[in-house]
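**Q** My structure is in start35.cif, and what it holds is mmCIF, C-alpha atoms and all ligand atoms:
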```cif
data_query
loop_
_atom_site.label_atom_id
_atom_site.label_comp_id
_atom_site.auth_asym_id
_atom_site.auth_seq_id
_atom_site.Cartn_x
_atom_site.Cartn_y
_atom_site.Cartn_z
CA MET R 104 -37.19 47.63 -17.76
CA LYS R 105 -35.94 50.94 -19.17
CA VAL R 106 -33.18 50.54 -21.76
CA GLY R 107 -30.53 52.95 -23.09
CA PHE R 108 -28.70 52.61 -26.42
CA ILE R 109 -25.44 54.36 -27.37
CA GLY R 110 -24.03 54.23 -30.93
CA LEU R 111 -26.60 54.37 -33.73
CA GLY R 112 -24.59 53.28 -36.77
CA ILE R 113 -25.16 50.48 -39.28
CA MET R 114 -25.82 47.94 -36.51
CA GLY R 115 -26.94 50.08 -33.57
CA ARG R 116 -29.79 51.88 -35.32
CA PRO R 117 -31.78 48.76 -36.35
CA MET R 118 -30.98 47.04 -33.03
CA ALA R 119 -32.36 50.04 -31.12
CA LEU R 120 -35.43 50.17 -33.37
CA ASN R 121 -36.12 46.51 -32.55
CA LEU R 122 -36.05 47.36 -28.83
CA LEU R 123 -38.71 50.00 -29.45
CA LYS R 124 -40.76 47.53 -31.49
CA GLY R 125 -40.40 45.06 -28.61
CA GLY R 126 -42.11 47.54 -26.28
CA PHE R 127 -39.10 48.74 -24.25
CA GLU R 128 -39.01 52.32 -23.07
CA LEU R 129 -35.85 53.48 -24.86
CA THR R 130 -33.42 56.38 -24.40
CA VAL R 131 -30.69 56.88 -27.02
CA TRP R 132 -27.48 58.87 -27.36
CA ALA R 133 -25.19 59.38 -30.37
CA ARG R 134 -22.28 61.79 -30.65
CA ARG R 135 -23.80 63.23 -33.83
CA PRO R 136 -27.30 64.40 -32.82
CA GLU R 137 -28.76 63.88 -36.32
CA GLN R 138 -28.26 60.13 -35.84
CA MET R 139 -30.79 60.18 -32.99
CA ARG R 140 -33.58 61.67 -35.13
CA PRO R 141 -34.92 58.42 -36.69
CA LEU R 142 -35.08 56.86 -33.22
CA ALA R 143 -36.74 59.92 -31.70
CA ASP R 144 -39.27 59.91 -34.58
CA ALA R 145 -40.03 56.28 -33.71
CA GLY R 146 -40.68 57.14 -30.04
CA ALA R 147 -37.32 57.03 -28.24
CA LYS R 148 -36.22 59.66 -25.74
CA THR R 149 -32.85 61.31 -26.35
CA ALA R 150 -30.12 62.05 -23.81
CA ALA R 151 -27.50 64.82 -23.85
CA ASN R 152 -24.66 62.42 -22.96
CA PRO R 153 -24.08 58.82 -21.74
CA ALA R 154 -24.23 59.91 -18.07
CA GLU R 155 -27.69 61.42 -18.52
CA LEU R 156 -28.77 58.27 -20.36
CA ALA R 157 -27.45 56.07 -17.53
CA GLY R 158 -29.45 58.11 -15.03
CA ALA R 159 -32.68 57.32 -16.87
CA VAL R 160 -32.39 53.56 -17.51
CA ASP R 161 -31.92 50.15 -15.88
CA LEU R 162 -29.76 48.68 -18.63
CA ALA R 163 -27.40 50.67 -20.90
CA ILE R 164 -26.09 49.24 -24.18
CA SER R 165 -23.13 50.47 -26.25
CA MET R 166 -22.65 49.57 -29.93
CA VAL R 167 -19.70 51.72 -30.98
CA ALA R 168 -16.44 50.72 -32.70
CA ASP R 169 -13.35 49.64 -30.74
CA ALA R 170 -12.15 49.37 -27.12
CA PRO R 171 -11.16 53.06 -26.67
CA ASP R 172 -14.69 54.04 -27.78
CA VAL R 173 -16.33 51.65 -25.31
CA GLU R 174 -14.01 52.95 -22.59
CA GLN R 175 -14.96 56.52 -23.44
CA VAL R 176 -18.73 56.00 -23.30
CA MET R 177 -18.57 53.74 -20.23
CA LEU R 178 -15.78 55.29 -18.13
CA GLY R 179 -14.90 58.65 -19.73
CA GLU R 180 -16.04 62.15 -18.89
CA LYS R 181 -19.86 62.17 -18.80
CA GLY R 182 -19.68 58.42 -19.30
CA ILE R 183 -22.09 55.84 -17.93
CA ALA R 184 -20.03 55.26 -14.77
CA SER R 185 -20.02 58.97 -13.90
CA VAL R 186 -23.62 58.69 -12.69
CA GLY R 187 -22.92 58.43 -8.97
CA ALA R 188 -26.01 56.47 -8.02
CA ALA R 189 -25.89 54.12 -11.03
CA GLY R 190 -24.17 51.29 -9.17
CA LYS R 191 -26.47 51.61 -6.16
CA ARG R 192 -29.49 51.32 -8.47
CA GLY R 193 -28.10 48.07 -9.90
CA LEU R 194 -27.44 49.43 -13.39
CA ILE R 195 -26.34 46.82 -15.94
CA ALA R 196 -23.98 48.00 -18.69
CA VAL R 197 -23.80 45.89 -21.85
CA ASP R 198 -21.26 46.38 -24.63
CA MET R 199 -22.24 44.78 -27.94
CA SER R 200 -19.32 46.16 -30.00
CA THR R 201 -16.47 43.84 -31.03
CA ILE R 202 -13.38 44.56 -28.90
CA LEU R 203 -10.32 42.77 -27.48
CA PRO R 204 -11.40 40.21 -24.81
CA ALA R 205 -8.78 41.55 -22.37
CA ALA R 206 -10.16 45.08 -22.83
CA ALA R 207 -13.70 43.84 -22.09
CA ARG R 208 -12.49 42.15 -18.89
CA ASP R 209 -10.70 45.34 -17.84
CA ILE R 210 -13.75 47.54 -18.51
CA GLY R 211 -15.90 45.02 -16.61
CA GLU R 212 -13.60 45.17 -13.57
CA ARG R 213 -13.53 48.98 -13.55
CA LEU R 214 -17.32 49.18 -13.80
CA ALA R 215 -17.71 46.56 -11.05
CA ALA R 216 -15.60 48.81 -8.81
CA ARG R 217 -18.37 51.41 -9.27
CA GLY R 218 -21.08 48.84 -8.51
CA ILE R 219 -22.14 48.45 -12.16
CA ASP R 220 -22.57 44.93 -13.55
CA PHE R 221 -21.09 44.51 -17.04
CA LEU R 222 -21.77 42.08 -19.88
CA ASP R 223 -19.73 41.77 -23.07
CA ALA R 224 -22.28 40.73 -25.70
CA PRO R 225 -20.90 41.02 -29.24
CA VAL R 226 -23.04 39.87 -32.14
CA SER R 227 -22.85 38.13 -35.49
CA GLY R 228 -25.32 38.24 -38.35
CA GLY R 229 -24.48 41.57 -39.96
CA GLU R 230 -26.80 44.42 -40.89
CA VAL R 231 -29.32 41.91 -42.26
CA GLY R 232 -29.51 40.15 -38.88
CA ALA R 233 -29.67 43.46 -37.02
CA VAL R 234 -32.66 44.60 -39.09
CA ALA R 235 -34.45 41.23 -38.85
CA GLY R 236 -33.72 40.83 -35.12
CA THR R 237 -32.02 37.49 -35.78
CA LEU R 238 -28.50 38.22 -34.54
CA SER R 239 -26.39 35.64 -32.75
CA VAL R 240 -25.47 37.13 -29.36
CA MET R 241 -22.39 35.81 -27.51
CA VAL R 242 -22.38 36.84 -23.89
CA GLY R 243 -19.72 37.00 -21.21
CA GLY R 244 -20.36 37.99 -17.59
CA SER R 245 -22.38 36.98 -14.54
CA ALA R 246 -25.34 34.59 -14.79
CA ALA R 247 -27.50 37.07 -12.84
CA ALA R 248 -26.86 39.95 -15.27
CA PHE R 249 -27.36 37.58 -18.22
CA ALA R 250 -30.75 36.53 -16.83
CA SER R 251 -31.82 40.18 -16.36
CA ALA R 252 -30.72 41.13 -19.87
CA GLY R 253 -32.37 38.08 -21.50
CA PRO R 254 -35.61 39.79 -22.68
CA VAL R 255 -33.56 42.67 -24.12
CA PHE R 256 -31.30 40.31 -26.09
CA ALA R 257 -34.38 38.39 -27.29
CA CYS R 258 -35.59 41.54 -29.12
CA MET R 259 -32.37 41.77 -31.11
CA GLY R 260 -31.29 38.18 -31.61
CA LYS R 261 -32.35 34.57 -32.01
CA ASN R 262 -29.33 32.52 -30.90
CA ILE R 263 -28.36 33.92 -27.50
CA VAL R 264 -25.61 32.05 -25.68
CA HIS R 265 -24.09 32.72 -22.26
CA VAL R 266 -20.57 31.65 -23.21
CA GLY R 267 -18.88 32.15 -19.82
CA GLY R 268 -17.40 34.77 -17.51
CA SER R 269 -16.32 38.31 -18.39
CA GLY R 270 -14.60 38.48 -21.80
CA ALA R 271 -15.89 35.06 -22.93
CA GLY R 272 -18.38 36.65 -25.34
CA GLN R 273 -15.53 38.53 -27.03
CA VAL R 274 -13.45 35.34 -27.27
CA ALA R 275 -16.40 33.67 -29.07
CA LYS R 276 -16.72 36.70 -31.35
CA ALA R 277 -12.99 36.62 -32.20
CA ALA R 278 -13.39 32.93 -33.10
CA ASN R 279 -16.38 33.96 -35.25
CA GLN R 280 -14.25 36.58 -37.01
CA ILE R 281 -11.56 34.00 -37.83
CA MET R 282 -14.23 31.99 -39.65
CA THR R 283 -16.05 34.90 -41.30
CA GLY R 284 -12.82 36.70 -42.29
CA VAL R 285 -11.25 33.61 -43.82
CA GLY R 286 -14.67 32.75 -45.31
CA VAL R 287 -15.04 36.07 -47.11
CA LEU R 288 -11.51 35.73 -48.51
CA THR R 289 -12.04 32.14 -49.71
CA VAL R 290 -15.38 32.97 -51.36
CA ALA R 291 -13.71 35.90 -53.17
CA GLU R 292 -10.83 33.61 -54.20
CA ALA R 293 -13.21 30.91 -55.50
CA LEU R 294 -15.35 33.35 -57.52
CA ASN R 295 -12.27 35.09 -58.95
CA PHE R 296 -10.77 31.66 -59.77
CA ALA R 297 -13.91 30.71 -61.70
CA ALA R 298 -14.07 34.01 -63.58
CA ARG R 299 -10.39 33.90 -64.56
CA ASN R 300 -10.92 30.36 -65.85
CA GLY R 301 -13.56 31.74 -68.18
CA VAL R 302 -16.42 30.10 -66.28
CA ASP R 303 -19.49 32.00 -65.05
CA PRO R 304 -18.90 32.63 -61.31
CA ALA R 305 -22.69 32.86 -60.76
CA LYS R 306 -23.07 29.28 -62.04
CA VAL R 307 -20.13 28.13 -59.89
CA ARG R 308 -21.74 29.70 -56.81
CA GLU R 309 -25.04 28.02 -57.66
CA ALA R 310 -23.32 24.62 -57.96
CA LEU R 311 -21.31 25.05 -54.76
CA LEU R 312 -24.35 26.03 -52.70
CA GLY R 313 -25.60 22.43 -52.84
CA GLY R 314 -22.41 20.79 -51.56
CA PHE R 315 -19.96 20.83 -48.66
CA ALA R 316 -18.71 24.28 -49.66
CA TYR R 317 -22.11 25.76 -48.76
CA SER R 318 -21.92 28.63 -46.31
CA LYS R 319 -24.01 31.66 -45.49
CA ILE R 320 -21.02 33.69 -46.64
CA LEU R 321 -21.13 32.02 -50.07
CA GLU R 322 -24.89 32.51 -50.21
CA ASN R 323 -25.16 36.14 -49.05
CA HIS R 324 -21.75 37.71 -49.58
CA GLY R 325 -21.09 35.62 -52.70
CA GLN R 326 -24.22 37.08 -54.31
CA ARG R 327 -23.20 40.60 -53.30
CA MET R 328 -19.76 40.01 -54.84
CA LEU R 329 -21.46 38.90 -58.09
CA ASP R 330 -23.64 42.03 -57.96
CA ARG R 331 -20.49 44.07 -57.22
CA ASN R 332 -22.40 45.63 -54.34
CA PHE R 333 -19.59 46.83 -52.08
CA LYS R 334 -21.69 49.22 -49.98
CA PRO R 335 -21.15 48.47 -46.26
CA GLY R 336 -22.58 46.23 -44.53
CA PHE R 337 -19.45 45.64 -42.60
CA LYS R 338 -16.69 48.11 -43.31
CA ALA R 339 -13.29 46.69 -44.27
CA TRP R 340 -11.55 48.76 -41.55
CA MET R 341 -13.85 47.15 -38.98
CA HIS R 342 -12.92 43.68 -40.22
CA GLN R 343 -9.24 44.72 -40.10
CA LYS R 344 -9.85 45.79 -36.46
CA ASP R 345 -11.32 42.37 -35.70
CA MET R 346 -8.45 40.44 -37.33
CA ASN R 347 -6.09 42.62 -35.30
CA ILE R 348 -7.96 41.50 -32.15
CA VAL R 349 -7.53 37.88 -33.26
CA MET R 350 -3.81 38.29 -34.05
CA ARG R 351 -3.07 40.16 -30.80
CA SER R 352 -4.68 37.36 -28.81
CA ALA R 353 -2.77 34.76 -30.85
CA HIS R 354 0.49 36.62 -30.23
CA GLU R 355 -0.13 36.78 -26.48
CA LEU R 356 -0.88 33.04 -26.30
CA GLY R 357 1.72 31.88 -28.85
CA LEU R 358 -0.98 30.46 -31.14
CA CYS R 359 -0.50 29.44 -34.77
CA LEU R 360 -3.36 30.88 -36.88
CA PRO R 361 -2.02 30.77 -40.45
CA ALA R 362 -5.34 31.29 -42.29
CA ALA R 363 -6.34 34.19 -40.02
CA ALA R 364 -2.88 35.75 -40.46
CA ALA R 365 -3.15 35.73 -44.26
CA THR R 366 -6.66 37.21 -44.04
CA ALA R 367 -5.47 39.92 -41.67
CA GLN R 368 -2.82 40.91 -44.22
CA MET R 369 -5.44 41.21 -46.96
CA PHE R 370 -7.62 43.47 -44.80
CA ASN R 371 -4.54 45.55 -43.93
CA ALA R 372 -3.90 45.93 -47.66
CA MET R 373 -7.53 46.90 -48.29
CA VAL R 374 -7.23 49.78 -45.85
CA GLY R 375 -3.87 50.75 -47.38
CA ALA R 376 -5.42 50.65 -50.86
CA GLY R 377 -8.17 53.07 -49.81
CA LEU R 378 -10.92 50.43 -49.59
CA GLY R 379 -11.42 50.76 -45.81
CA GLU R 380 -14.87 52.36 -45.99
CA GLU R 381 -16.18 49.76 -48.45
CA ASP R 382 -17.62 46.44 -47.29
CA SER R 383 -15.01 43.82 -46.45
CA ILE R 384 -16.28 41.77 -49.43
CA ALA R 385 -14.45 44.34 -51.59
CA VAL R 386 -11.44 42.11 -50.88
CA LEU R 387 -12.53 40.67 -54.24
CA LYS R 388 -11.37 43.91 -55.90
CA LEU R 389 -7.97 43.59 -54.26
CA LEU R 390 -7.64 39.96 -55.41
CA GLU R 391 -8.60 40.96 -58.94
CA HIS R 392 -6.04 43.75 -58.90
CA LEU R 393 -3.29 41.40 -57.64
CA SER R 394 -4.27 38.84 -60.30
CA GLY R 395 -4.15 41.19 -63.26
CA GLY R 396 -7.68 42.55 -63.41
CA GLU R 397 -11.36 41.68 -63.32
CA GLY R 398 -12.19 38.26 -64.82
P1 LIG D 401 -20.72 52.04 -37.65
O1 LIG D 401 -21.79 52.06 -38.67
O2 LIG D 401 -19.45 52.78 -37.93
O3 LIG D 401 -21.36 52.53 -36.27
C1 LIG D 401 -20.61 52.76 -35.11
C2 LIG D 401 -21.27 53.93 -34.42
O4 LIG D 401 -20.59 54.15 -33.18
C3 LIG D 401 -21.15 55.19 -35.25
O5 LIG D 401 -22.41 55.78 -35.35
C4 LIG D 401 -20.17 56.04 -34.46
O6 LIG D 401 -20.47 57.41 -34.49
C5 LIG D 401 -20.35 55.52 -33.05
N1 LIG D 401 -19.11 55.72 -32.28
C6 LIG D 401 -17.89 55.20 -32.54
N2 LIG D 401 -17.00 55.59 -31.61
C7 LIG D 401 -17.70 56.37 -30.74
C8 LIG D 401 -17.33 57.08 -29.58
N3 LIG D 401 -16.07 57.07 -29.12
N4 LIG D 401 -18.30 57.79 -28.95
C9 LIG D 401 -19.56 57.82 -29.42
N5 LIG D 401 -19.97 57.16 -30.52
C10 LIG D 401 -19.03 56.45 -31.17
O7 LIG D 401 -20.28 50.53 -37.31
P2 LIG D 401 -21.18 49.23 -37.19
O8 LIG D 401 -21.00 48.43 -38.43
O9 LIG D 401 -22.52 49.57 -36.69
O10 LIG D 401 -20.34 48.43 -36.05
C11 LIG D 401 -20.49 48.71 -34.66
C12 LIG D 401 -19.81 47.58 -33.89
O11 LIG D 401 -20.44 46.33 -34.21
C13 LIG D 401 -18.32 47.39 -34.20
O12 LIG D 401 -17.61 47.02 -33.05
C14 LIG D 401 -18.34 46.24 -35.22
O13 LIG D 401 -17.12 45.54 -35.23
C15 LIG D 401 -19.48 45.41 -34.69
N6 LIG D 401 -20.19 44.57 -35.67
C16 LIG D 401 -20.52 45.04 -36.90
C17 LIG D 401 -21.21 44.22 -37.80
C18 LIG D 401 -21.60 44.67 -39.19
O14 LIG D 401 -21.93 43.82 -40.03
N7 LIG D 401 -21.60 45.96 -39.50
C19 LIG D 401 -21.56 42.92 -37.43
C20 LIG D 401 -21.24 42.48 -36.15
C21 LIG D 401 -20.56 43.31 -35.29
P3 LIG D 401 -20.15 58.31 -35.81
O15 LIG D 401 -21.22 57.93 -36.80
O16 LIG D 401 -20.25 59.69 -35.30
O17 LIG D 401 -18.77 57.91 -36.28
#
```
Since I need it in another form, could you write the structure as C-alpha cells?
Ligand code: NAP
**A**
Amino acid sequence: MKVGFIGLGIMGRPMALNLLKGGFELTVWARRPEQMRPLADAGAKTAANPAELAGAVDLAISMVADAPDVEQVMLGEKGIASVGAAGKRGLIAVDMSTILPAAARDIGERLAARGIDFLDAPVSGGEVGAVAGTLSVMVGGSAAAFASAGPVFACMGKNIVHVGGSGAGQVAKAANQIMTGVGVLTVAEALNFAARNGVDPAKVREALLGGFAYSKILENHGQRMLDRNFKPGFKAWMHQKDMNIVMRSAHELGLCLPAAAATAQMFNAMVGAGLGEEDSIAVLKLLEHLSGGEG
C-alpha cells in the first residue's frame, strides 16, 4: 500500500518517519518545503500539493492543526478530493489531527460524496509516543476502511481502537483531552502547592508516584515541570483548541463539565499571557504568577 502524509510538525514528522521505517512507500507534503527535507533524506517522495500526493497513493493521512486546516488539505483548492479519479480508485483519507467531532463527520460526508472513504483517527501519547511508535489511535469510520488502514496505524501506534462510526474517534479524543488537560493542571497545582509549603516538589512527586495519584502525566509532565522544561511537546494554544472543542460539544449537548471548564479558562489565560507557543505544562508558570511567584 502506498501512503501519503500531510503536515510534518512535532507529531507528523516522527509518525511519517515510522511509516518509512515500517517499509511503506511514502509521499509527503508540507506547506513549507523545508519541512519535507528530513523525510526526503530518509527516502520519501515529495509532492507539490495534496492533490498530487492523493494521485500517487492509496491512503492519505493529514496531521495538521484544526478543522479549517483539515478542510483545506482535504477539500480545498488542490486538496485531496480534487483528484478526480481518487474516489474511483478507492482512496482512503485519514485525518489524525484533533478537531471537533461534528467537523470530522461533515468532512467525512463531503469526501464520501466524492467516493473517498474517510477515517477520523486522532492520537494520544504526545511527541514521545509519536517518536517511539506507541501512540494510542482512536478511530471513527467504516469497519472496511479501518481494516485497510490497520497495518498503517500499527506502524505509528500500539493501542489502536475502532471506537465507532464517523466522528467517534474525535469524541474519544475530546474525552482524552478532558482527562489530560485537567491532569496537567492538577499536577501543576500539586507541585506548586508542595513548593509553596516549603517542601521539595521532587520528593512529593516521588512519593505520589507510588499511590493512587500516580499518572503518566505526573510521571512525565511532572518531571518536565520540575526541570522547568517548557519546550513543546504540545503547544498551549493547541491544548486551548482542544478544550474549546470539549466546551463547544458540552454547550451543544447541555453538559456540565466543571473541571474541564476551569482548565479551559487556564489555557485561555496562557494564550493571553503570551505562553501559547510554550508547552501546555507551562500552566505551572501561570499558577505561580497567580500565587505570588515561584515557590
Ligand atoms: P505542529 O507542530 O504545529 O504541526 C502541525 C503541522 O501542520 C505544522 O507543520 C503546520 O505547518 C501544518 N499545518 C497546519 N495547518 C496547515 C494547513 N492549513 N495546511 C498545511 N499544513 C498545515 O503541531 P503538532 O503538535 O504536530 O499537532 C498536530 C495535531 O496533532 C494537532 O491537531 C494536535 O492537536 C494533535 N496532537 C498533538 C499532540 C502533541 O503532543 N503535540 C498529541 C496528540 C495530538 P507550519 O509548520 O507551516 O505551520
**Q** As AutoDock Vina command-line options, what would the box around region 380-395 of chain R look like: edges along x, y and z, 3 Å added on every side, centre and edge lengths in Å to one decimal?
**A**
```
--center_x -10.5 --center_y 45.6 --center_z -54.6 --size_x 20.3 --size_y 19.5 --size_z 23.3
```
**Q** Can you check which parts of chain R lie within 6 Å of ligand LIG 401 (chain D)? Per residue, the shortest pair of atoms and distance in Å to one decimal, counting only C-alpha atoms and all ligand atoms, sorted by chain and number, as a tab-separated table.
**A**
```
residue	atom	partner	partner_atom	distance
R:Gly110	CA	D:LIG401	O4	4.1
R:Leu111	CA	D:LIG401	O5	4.7
R:Gly112	CA	D:LIG401	O3	3.4
R:Ile113	CA	D:LIG401	O1	3.8
R:Met114	CA	D:LIG401	O9	3.7
R:Gly115	CA	D:LIG401	O9	5.4
R:Ala133	CA	D:LIG401	N5	5.7
R:Arg134	CA	D:LIG401	C9	5.0
R:Arg135	CA	D:LIG401	O16	5.2
R:Met166	CA	D:LIG401	C12	5.3
R:Val167	CA	D:LIG401	O4	3.4
R:Ala168	CA	D:LIG401	O12	3.9
R:Asp169	CA	D:LIG401	O12	5.5
R:Asp172	CA	D:LIG401	N3	3.6
R:Gln175	CA	D:LIG401	N3	5.8
R:Val176	CA	D:LIG401	N4	5.9
R:Ser200	CA	D:LIG401	O12	3.6
R:Thr201	CA	D:LIG401	O12	3.9
R:Val226	CA	D:LIG401	C20	5.1
R:Ser227	CA	D:LIG401	C20	4.7
R:Gly229	CA	D:LIG401	O14	3.4
R:Glu230	CA	D:LIG401	O14	5.0
R:Gly336	CA	D:LIG401	N7	5.1
R:Phe337	CA	D:LIG401	N7	3.8
R:Met341	CA	D:LIG401	O13	5.2
```
**Q** Given the choices R:Ala206, R:Ala339, R:Val240, R:Met369, which gets closest to Gly253 (chain R) if the distance is worked out from all atoms listed in the file?
**A** R:Val240
**Q** In terms of the shortest atom-to-atom distance over all atoms listed in the file, which of R:Ala271, R:Ala353, R:Leu178, R:Leu387 is closest to Ala293 (chain R)?
**A**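 Of all the options, R:Leu387 lies closest to Ala293 (chain R).
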**Q** Counting only C-alpha atoms, which residue out of R:His265, R:Lys105, R:Arg140, R:Lys148 sits closest to Val160 (chain R)?
**A**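 Comparing R:His265, R:Lys105, R:Arg140, R:Lys148 against Val160 (chain R), the winner is R:Lys105.
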